[in-house]
file coords28.txt (compact mmCIF, C-alpha atoms and all ligand atoms)
# COMPACT_ATOMS: atom_id res chain seq x y z
CA MET I 1148 73.06 133.54 -39.22
CA MET I 1149 75.30 130.69 -38.17
CA PHE I 1150 74.18 127.19 -37.40
CA SER I 1151 76.07 125.22 -34.80
CA ILE I 1152 77.15 122.64 -37.37
CA PHE I 1153 79.25 125.35 -38.97
CA LYS I 1154 80.98 126.09 -35.71
CA LYS I 1155 84.70 126.23 -36.30
CA LYS I 1156 86.46 123.05 -35.30
CA PRO I 1157 89.43 123.52 -32.97
CA ARG I 1158 92.92 122.44 -33.87
CA LEU I 1159 94.12 119.45 -31.90
CA PHE I 1160 96.79 121.28 -29.87
CA GLU I 1161 94.19 123.84 -28.79
CA LEU I 1162 92.33 121.14 -26.87
CA MET I 1163 95.21 120.49 -24.50
CA PRO I 1164 94.53 122.26 -21.21
CA SER I 1165 97.34 123.72 -19.18
CA GLY I 1166 98.98 121.01 -17.12
CA PHE I 1167 98.10 118.36 -19.67
CA ILE I 1168 99.75 115.00 -19.01
CA ASP I 1169 100.33 112.62 -21.89
CA ILE I 1170 100.15 108.98 -20.79
CA HIS I 1171 101.34 107.32 -24.02
CA SER I 1172 104.54 108.25 -25.86
CA HIS I 1173 107.66 106.70 -27.37
CA VAL I 1174 110.19 109.31 -26.34
CA LEU I 1175 112.83 107.18 -24.58
CA PRO I 1176 115.99 106.78 -26.66
CA GLY I 1177 116.78 103.53 -28.46
CA LEU I 1178 114.20 101.22 -26.90
CA ASP I 1179 111.62 100.83 -29.66
CA ASP I 1180 110.42 102.38 -32.93
CA GLY I 1181 110.26 105.79 -31.26
CA CYS I 1182 113.26 108.07 -30.62
CA LYS I 1183 116.53 106.51 -31.73
CA ASN I 1184 118.95 108.46 -29.57
CA MET I 1185 119.22 111.03 -26.82
CA THR I 1186 119.32 113.98 -29.24
CA GLN I 1187 116.04 112.96 -30.86
CA SER I 1188 114.43 112.42 -27.45
CA ILE I 1189 115.44 115.83 -26.16
CA GLU I 1190 114.37 117.60 -29.37
CA LEU I 1191 111.02 115.84 -29.47
CA ILE I 1192 110.22 116.51 -25.82
CA GLN I 1193 111.14 120.17 -26.21
CA GLU I 1194 108.87 120.45 -29.26
CA MET I 1195 106.04 118.75 -27.36
CA GLN I 1196 106.48 121.24 -24.55
CA LYS I 1197 106.15 124.12 -27.03
CA LEU I 1198 102.92 122.57 -28.32
CA GLY I 1199 101.39 122.57 -24.84
CA PHE I 1200 102.30 119.24 -23.24
CA SER I 1201 103.15 119.75 -19.56
CA GLU I 1202 104.02 116.28 -18.35
CA LEU I 1203 104.82 112.96 -20.02
CA ILE I 1204 104.77 109.27 -19.28
CA ALA I 1205 107.15 107.49 -21.66
CA THR I 1206 105.71 104.12 -22.67
CA PRO I 1207 108.15 102.18 -24.85
CA HIS I 1208 106.80 99.02 -26.45
CA THR I 1209 107.40 95.70 -24.75
CA MET I 1210 106.79 93.04 -27.39
CA THR I 1211 108.25 89.53 -27.56
CA GLY I 1212 110.68 89.05 -30.46
CA VAL I 1213 110.45 92.69 -31.48
CA TRP I 1214 111.09 95.06 -28.58
CA GLU I 1215 112.19 92.90 -25.69
CA ASN I 1216 112.40 95.59 -23.06
CA SER I 1217 112.77 94.89 -19.37
CA SER I 1218 111.60 97.01 -16.47
CA GLU I 1219 115.24 97.68 -15.54
CA GLY I 1220 116.21 98.65 -19.09
CA ILE I 1221 113.32 101.09 -19.34
CA LYS I 1222 114.15 102.60 -15.99
CA GLU I 1223 117.81 102.99 -16.97
CA SER I 1224 116.93 104.71 -20.23
CA TRP I 1225 114.50 107.00 -18.42
CA ASN I 1226 117.13 107.81 -15.81
CA SER I 1227 119.71 108.87 -18.38
CA LEU I 1228 117.21 111.04 -20.24
CA ASN I 1229 115.67 112.50 -17.12
CA ASP I 1230 119.11 113.50 -15.84
CA THR I 1231 119.87 115.75 -18.81
CA GLN I 1232 119.93 119.45 -18.03
CA GLU I 1233 118.11 120.38 -21.23
CA LEU I 1234 114.82 118.87 -20.07
CA THR I 1235 112.40 120.80 -17.92
CA MET I 1236 109.32 118.69 -18.62
CA PRO I 1237 108.35 116.27 -15.83
CA LEU I 1238 108.91 112.81 -17.28
CA ASN I 1239 107.79 109.48 -15.91
CA TYR I 1240 108.02 105.98 -17.36
CA ALA I 1241 105.94 102.84 -17.85
CA SER I 1242 105.53 100.60 -20.90
CA GLU I 1243 103.03 99.74 -23.59
CA TYR I 1244 102.74 95.96 -23.31
CA LEU I 1245 101.62 93.81 -26.16
CA ILE I 1246 99.45 91.07 -24.68
CA ASP I 1247 101.53 87.99 -25.53
CA ASN I 1248 102.96 85.00 -23.60
CA ASN I 1249 105.80 86.94 -22.03
CA PHE I 1250 103.32 89.53 -20.87
CA LEU I 1251 101.47 86.79 -19.00
CA ASP I 1252 104.73 85.71 -17.31
CA ARG I 1253 105.43 89.27 -16.23
CA MET I 1254 101.90 89.60 -14.95
CA GLN I 1255 102.32 86.43 -12.85
CA LYS I 1256 105.56 87.81 -11.41
CA GLY I 1257 103.99 91.19 -10.76
CA ASP I 1258 106.67 92.74 -12.99
CA LEU I 1259 104.62 95.30 -14.93
CA LEU I 1260 105.42 99.00 -15.05
CA CYS I 1261 102.23 100.93 -14.36
CA LEU I 1262 101.11 104.36 -15.53
CA LYS I 1263 99.84 105.02 -12.01
CA ASP I 1264 98.03 103.10 -9.27
CA GLN I 1265 98.13 99.65 -10.92
CA ARG I 1266 96.91 100.96 -14.27
CA VAL I 1267 98.85 99.19 -16.96
CA LEU I 1268 98.91 100.21 -20.63
CA VAL I 1269 98.30 97.25 -22.94
CA GLU I 1270 97.92 96.88 -26.67
CA LEU I 1271 96.67 94.16 -28.98
CA SER I 1272 98.06 92.98 -32.29
CA TYR I 1273 96.69 94.90 -35.30
CA PHE I 1274 95.97 91.59 -37.03
CA GLN I 1275 94.01 89.61 -34.47
CA ALA I 1276 93.01 89.70 -30.82
CA PRO I 1277 94.28 86.99 -28.47
CA ILE I 1278 91.74 84.15 -28.42
CA ASN I 1279 91.63 84.18 -24.62
CA LEU I 1280 91.60 87.96 -24.21
CA PHE I 1281 88.77 88.02 -21.68
CA GLU I 1282 90.46 85.36 -19.55
CA ILE I 1283 93.67 87.40 -19.59
CA LEU I 1284 91.83 90.56 -18.57
CA PHE I 1285 90.27 88.63 -15.71
CA GLU I 1286 93.65 87.25 -14.55
CA LEU I 1287 95.22 90.67 -14.81
CA GLN I 1288 92.65 92.10 -12.45
CA LEU I 1289 93.00 89.15 -10.06
CA LYS I 1290 96.67 90.15 -9.87
CA GLY I 1291 95.55 93.63 -8.87
CA TYR I 1292 96.16 95.38 -12.19
CA ILE I 1293 93.76 97.63 -14.07
CA PRO I 1294 94.14 97.29 -17.85
CA VAL I 1295 94.17 100.47 -19.95
CA LEU I 1296 93.74 99.44 -23.58
CA ALA I 1297 95.76 101.62 -25.95
CA HIS I 1298 93.97 102.97 -29.03
CA PRO I 1299 90.86 100.72 -29.20
CA GLU I 1300 89.87 102.70 -32.31
CA ARG I 1301 92.78 101.17 -34.25
CA TYR I 1302 91.84 97.47 -34.08
CA ASN I 1303 90.11 97.07 -37.44
CA TYR I 1304 88.99 93.50 -36.75
CA TYR I 1305 86.59 94.85 -34.13
CA PHE I 1306 84.97 97.39 -36.46
CA SER I 1307 82.23 95.00 -37.58
CA ASP I 1308 81.40 94.14 -33.96
CA PHE I 1309 80.99 97.35 -31.95
CA LYS I 1310 79.47 95.42 -29.01
CA ILE I 1311 82.89 93.96 -28.27
CA PHE I 1312 83.93 97.40 -26.98
CA GLU I 1313 81.09 97.44 -24.47
CA LYS I 1314 82.02 93.91 -23.50
CA LEU I 1315 85.64 94.91 -22.94
CA LYS I 1316 84.56 97.83 -20.77
CA LYS I 1317 82.31 95.55 -18.74
CA ALA I 1318 85.26 93.18 -18.37
CA GLY I 1319 87.11 95.97 -16.54
CA CYS I 1320 89.16 97.42 -19.35
CA LEU I 1321 89.70 101.18 -19.56
CA PHE I 1322 90.16 102.79 -22.98
CA GLN I 1323 92.85 105.24 -24.10
CA LEU I 1324 92.13 107.01 -27.37
CA ASN I 1325 95.00 108.24 -29.53
CA LEU I 1326 94.78 112.00 -30.00
CA MET I 1327 96.00 111.75 -33.58
CA SER I 1328 93.01 109.53 -34.42
CA VAL I 1329 90.60 112.46 -34.10
CA VAL I 1330 92.32 114.45 -36.86
CA GLY I 1331 92.30 111.50 -39.25
CA HIS I 1332 96.01 110.71 -38.95
CA TYR I 1333 95.33 106.95 -39.20
CA GLY I 1334 92.66 107.36 -41.87
CA PRO I 1335 88.91 108.05 -41.99
CA GLU I 1336 87.79 104.69 -40.58
CA THR I 1337 89.83 105.10 -37.41
CA MET I 1338 88.56 108.66 -37.08
CA LYS I 1339 84.95 107.45 -37.40
CA MET I 1340 85.52 104.68 -34.88
CA SER I 1341 86.96 107.25 -32.46
CA ASP I 1342 83.77 109.25 -32.84
CA ARG I 1343 81.60 106.20 -32.21
CA LEU I 1344 83.54 105.32 -29.09
CA LEU I 1345 83.32 108.90 -27.85
CA GLU I 1346 79.60 109.01 -28.65
CA ALA I 1347 79.05 105.81 -26.65
CA ASN I 1348 80.96 107.34 -23.73
CA LEU I 1349 83.50 104.53 -23.77
CA ILE I 1350 86.73 106.56 -23.83
CA ASP I 1351 88.42 107.09 -20.46
CA TYR I 1352 91.74 108.73 -21.33
CA VAL I 1353 93.78 110.01 -24.23
CA GLY I 1354 97.40 109.66 -25.29
CA SER I 1355 99.56 111.11 -28.05
CA ASP I 1356 101.37 107.87 -29.02
CA ILE I 1357 104.01 110.18 -30.46
CA HIS I 1358 107.05 108.35 -31.87
CA HIS I 1359 108.91 111.14 -33.70
CA LYS I 1360 108.77 114.80 -34.72
CA GLY I 1361 106.79 113.95 -37.85
CA HIS I 1362 103.81 113.23 -35.62
CA LEU I 1363 103.71 116.80 -34.30
CA GLU I 1364 102.16 118.06 -37.52
CA ALA I 1365 98.94 116.21 -36.69
CA PHE I 1366 98.46 118.47 -33.67
CA GLN I 1367 98.09 121.50 -35.96
CA ARG I 1368 95.26 119.84 -37.82
CA LYS I 1369 91.58 120.44 -37.16
CA VAL I 1370 89.65 117.99 -35.04
CA GLN I 1371 87.32 115.95 -37.26
CA VAL I 1372 85.22 114.07 -34.72
CA LYS I 1373 81.77 115.43 -33.84
CA ASN I 1374 81.93 114.56 -30.15
CA VAL I 1375 84.37 117.23 -29.07
CA LYS I 1376 82.68 117.42 -25.68
CA ALA I 1377 83.36 113.76 -24.89
CA LEU I 1378 86.88 114.21 -26.20
CA LYS I 1379 87.48 117.15 -23.87
CA LYS I 1380 86.16 115.09 -20.97
CA ALA I 1381 88.64 112.27 -21.71
CA ILE I 1382 91.47 114.80 -22.05
CA ALA I 1383 90.56 116.27 -18.66
CA ALA I 1384 90.52 112.78 -17.10
CA ASN I 1385 94.25 112.43 -17.83
CA THR I 1386 94.87 114.70 -14.83
CA PHE I 1387 94.51 111.57 -12.70
CA PHE I 1388 98.00 110.48 -13.84
CA SER I 1389 99.78 113.71 -12.99
CA LYS I 1390 102.55 113.47 -10.43
CA LYS I 1391 101.36 116.81 -9.12
CA VAL I 1392 97.92 115.46 -8.12
FE FE I 1401 102.20 103.31 -28.70
call {"tool": "encode", "arguments": {"input": "coords28.txt", "output": "structure tokens"}}
result
Amino acid sequence: MMFSIFKKKPRLFELMPSGFIDIHSHVLPGLDDGCKNMTQSIELIQEMQKLGFSELIATPHTMTGVWENSSEGIKESWNSLNDTQELTMPLNYASEYLIDNNFLDRMQKGDLLCLKDQRVLVELSYFQAPINLFEILFELQLKGYIPVLAHPERYNYYFSDFKIFEKLKKAGCLFQLNLMSVVGHYGPETMKMSDRLLEANLIDYVGSDIHHKGHLEAFQRKVQVKNVKALKKAIAANTFFSKKV
């Protein structure tokens, strides 16, 4: 006799359906802490394709004083990579914007690269949230953008205040869970927070947030979260971003 709690957990890569589009990755060469050059980019993308990824949106960091990328620079880098013969994976580009002062300037100018249909990938500092975060989210939407918050499960300072996640959702923010969080790649606390967010039905989309080949190992690992059903639902919702839809 087998009880359902003993049901074998899937490996992470097994959860990716055919046609899966990843909306968060650092595969463009030389723009951030992801791939350093064209060779690394091509190798990584080919490996991702073997794992079951079908389509990618490259989202290099844009972060004042650290990764000062411009829309033009990102597009150029994407162009050169996308032109290479070795790549057969459909590749698009946007950015993962840290919410800082320069981000607000770009927002005012309407100069944000979107994942699709005004959805813009944003991240917060791992040390503290901006004091006026809710004001910024409001402004962003007044400008016509829809914020997609990258890896909400990784902001430790929110862990003691779960209600903040509901508040952020009510404030119009969509949530993108990192796939590697559900296998414990960032530690047990982040895995547990992923499960809580899934349980509360707060996760809209998923992303790999892959920076280098070392991250691929996590996709062979078994899923640790209990809410695999909610996880599958979020994975399926990524289809929205496909160029083929
Ligand atoms: Fe990222």
call {"tool": "residues_around", "arguments": {"input": "coords28.txt", "residues": "Pro1157 in chain I", "least_positions_apart": "6", "cutoff": "9 Å", "atoms": "all atoms listed in the file", "output": "list in words"}}
result
Arg1368, Lys1369, Val1370, Gln1371 and Val1375 of chain I
call {"tool": "residues_near_point", "arguments": {"input": "coords28.txt", "point": "(87.3, 116.0, -24.4)", "cutoff": "10 Å", "atoms": "all atoms listed in the file", "output": "NGL selection string"}}
result
:I and (1162-1163 or 1345 or 1350-1353 or 1374-1384)
call {"tool": "residues_around", "arguments": {"input": "coords28.txt", "residues": "Lys1391 in chain I", "least_positions_apart": "6", "cutoff": "12 Å", "atoms": "all atoms listed in the file", "output": "number ranges by chain"}}
result
I: 1166-1168, 1201-1202, 1237-1239
call {"tool": "write_last_selection", "arguments": {"input": "coords28.txt", "atoms": "C-alpha atoms", "output": "PDB file, keeping the file's coordinate frame"}}
result
ATOM      1  CA  GLY I1166      98.980 121.010 -17.120  1.00  0.00           C
ATOM      2  CA  PHE I1167      98.100 118.360 -19.670  1.00  0.00           C
ATOM      3  CA  ILE I1168      99.750 115.000 -19.010  1.00  0.00           C
ATOM      4  CA  SER I1201     103.150 119.750 -19.560  1.00  0.00           C
ATOM      5  CA  GLU I1202     104.020 116.280 -18.350  1.00  0.00           C
ATOM      6  CA  PRO I1237     108.350 116.270 -15.830  1.00  0.00           C
ATOM      7  CA  LEU I1238     108.910 112.810 -17.280  1.00  0.00           C
ATOM      8  CA  ASN I1239     107.790 109.480 -15.910  1.00  0.00           C
TER       9      ASN I1239
END
call {"tool": "closest_residue", "arguments": {"input": "coords28.txt", "among": "I:Val1269, I:Ile1170, I:Leu1324, I:Val1329", "to": "Leu1349 in chain I", "atoms": "only C-alpha atoms"}}
result
I:Leu1324
call {"tool": "closest_residue", "arguments": {"input": "coords28.txt", "among": "I:Ile1283, I:Ile1357, I:Leu1289, I:Met1210", "to": "ligand FE 1401 (chain I)", "atoms": "only C-alpha atoms and all ligand atoms"}}
result
I:Ile1357
call {"tool": "atom_distance", "arguments": {"input": "coords28.txt", "atom1": "CA of Val1295 in chain I", "atom2": "CA of Leu1315 in chain I"}}
result
10.6 Å
call {"tool": "residues_near_ligand", "arguments": {"input": "coords28.txt", "ligand": "ligand FE 1401 (chain I)", "cutoff": "10 Å", "atoms": "all atoms listed in the file", "output": "list in words"}}
result
Ile1170, His1171, Ser1172, His1173, Asp1179, Asp1180, Gly1181, Ala1205, Thr1206, Pro1207, His1208, Ser1242, Glu1243, Tyr1244, Leu1245, Leu1268, Val1269, Glu1270, Ala1297, His1298, Asn1325, Gly1354, Ser1355, Asp1356, Ile1357 and His1358 of chain I
call {"tool": "write_last_selection", "arguments": {"input": "coords28.txt", "atoms": "C-alpha atoms", "output": "mmCIF file, in the frame of the given file"}}
result
data_model
loop_
_atom_site.group_PDB
_atom_site.id
_atom_site.type_symbol
_atom_site.label_atom_id
_atom_site.label_comp_id
_atom_site.auth_asym_id
_atom_site.auth_seq_id
_atom_site.Cartn_x
_atom_site.Cartn_y
_atom_site.Cartn_z
ATOM 1 C CA ILE I 1170 100.150 108.980 -20.790
ATOM 2 C CA HIS I 1171 101.340 107.320 -24.020
ATOM 3 C CA SER I 1172 104.540 108.250 -25.860
ATOM 4 C CA HIS I 1173 107.660 106.700 -27.370
ATOM 5 C CA ASP I 1179 111.620 100.830 -29.660
ATOM 6 C CA ASP I 1180 110.420 102.380 -32.930
ATOM 7 C CA GLY I 1181 110.260 105.790 -31.260
ATOM 8 C CA ALA I 1205 107.150 107.490 -21.660
ATOM 9 C CA THR I 1206 105.710 104.120 -22.670
ATOM 10 C CA PRO I 1207 108.150 102.180 -24.850
ATOM 11 C CA HIS I 1208 106.800 99.020 -26.450
ATOM 12 C CA SER I 1242 105.530 100.600 -20.900
ATOM 13 C CA GLU I 1243 103.030 99.740 -23.590
ATOM 14 C CA TYR I 1244 102.740 95.960 -23.310
ATOM 15 C CA LEU I 1245 101.620 93.810 -26.160
ATOM 16 C CA LEU I 1268 98.910 100.210 -20.630
ATOM 17 C CA VAL I 1269 98.300 97.250 -22.940
ATOM 18 C CA GLU I 1270 97.920 96.880 -26.670
ATOM 19 C CA ALA I 1297 95.760 101.620 -25.950
ATOM 20 C CA HIS I 1298 93.970 102.970 -29.030
ATOM 21 C CA ASN I 1325 95.000 108.240 -29.530
ATOM 22 C CA GLY I 1354 97.400 109.660 -25.290
ATOM 23 C CA SER I 1355 99.560 111.110 -28.050
ATOM 24 C CA ASP I 1356 101.370 107.870 -29.020
ATOM 25 C CA ILE I 1357 104.010 110.180 -30.460
ATOM 26 C CA HIS I 1358 107.050 108.350 -31.870
#
call {"tool": "atom_distance", "arguments": {"input": "coords28.txt", "atom1": "CA of Ala1241 in chain I", "atom2": "CA of Tyr1305 in chain I"}}
result
26.5 Å
call {"tool": "closest_residue", "arguments": {"input": "coords28.txt", "among": "I:Leu1159, I:Leu1326, I:Leu1262, I:Ala1276", "to": "Phe1388 in chain I", "atoms": "only C-alpha atoms"}}
result
I:Leu1262
call {"tool": "residues_around", "arguments": {"input": "coords28.txt", "residues": "Glu1300 in chain I", "least_positions_apart": "4", "cutoff": "8 Å", "atoms": "all atoms listed in the file", "output": "list in words"}}
result
Leu1324, Ser1328, Thr1337, Met1338, Met1340, Ser1341 and Leu1344 of chain I
call {"tool": "closest_residue", "arguments": {"input": "coords28.txt", "among": "I:Lys1317, I:Gly1220, I:Asn1229, I:Leu1287", "to": "Asp1252 in chain I", "atoms": "all atoms listed in the file"}}
result
I:Leu1287
call {"tool": "closest_residue", "arguments": {"input": "coords28.txt", "among": "I:Met1236, I:Val1213, I:Ile1311, I:Leu1296", "to": "Leu1191 in chain I", "atoms": "only C-alpha atoms"}}
result
I:Met1236
call {"tool": "closest_residue", "arguments": {"input": "coords28.txt", "among": "I:Ala1365, I:Phe1160, I:Leu1260, I:Leu1321", "to": "Glu1219 in chain I", "atoms": "all atoms listed in the file"}}
result
I:Leu1260
call {"tool": "atom_distance", "arguments": {"input": "coords28.txt", "atom1": "CA of Glu1215 in chain I", "atom2": "CA of Asn1184 in chain I"}}
result
17.4 Å
call {"tool": "residues_near_point", "arguments": {"input": "coords28.txt", "point": "(102.4, 91.8, -17.4)", "cutoff": "8 Å", "atoms": "all atoms listed in the file", "output": "ChimeraX atom specification"}}
result
/I:1244,1246,1249-1259,1287
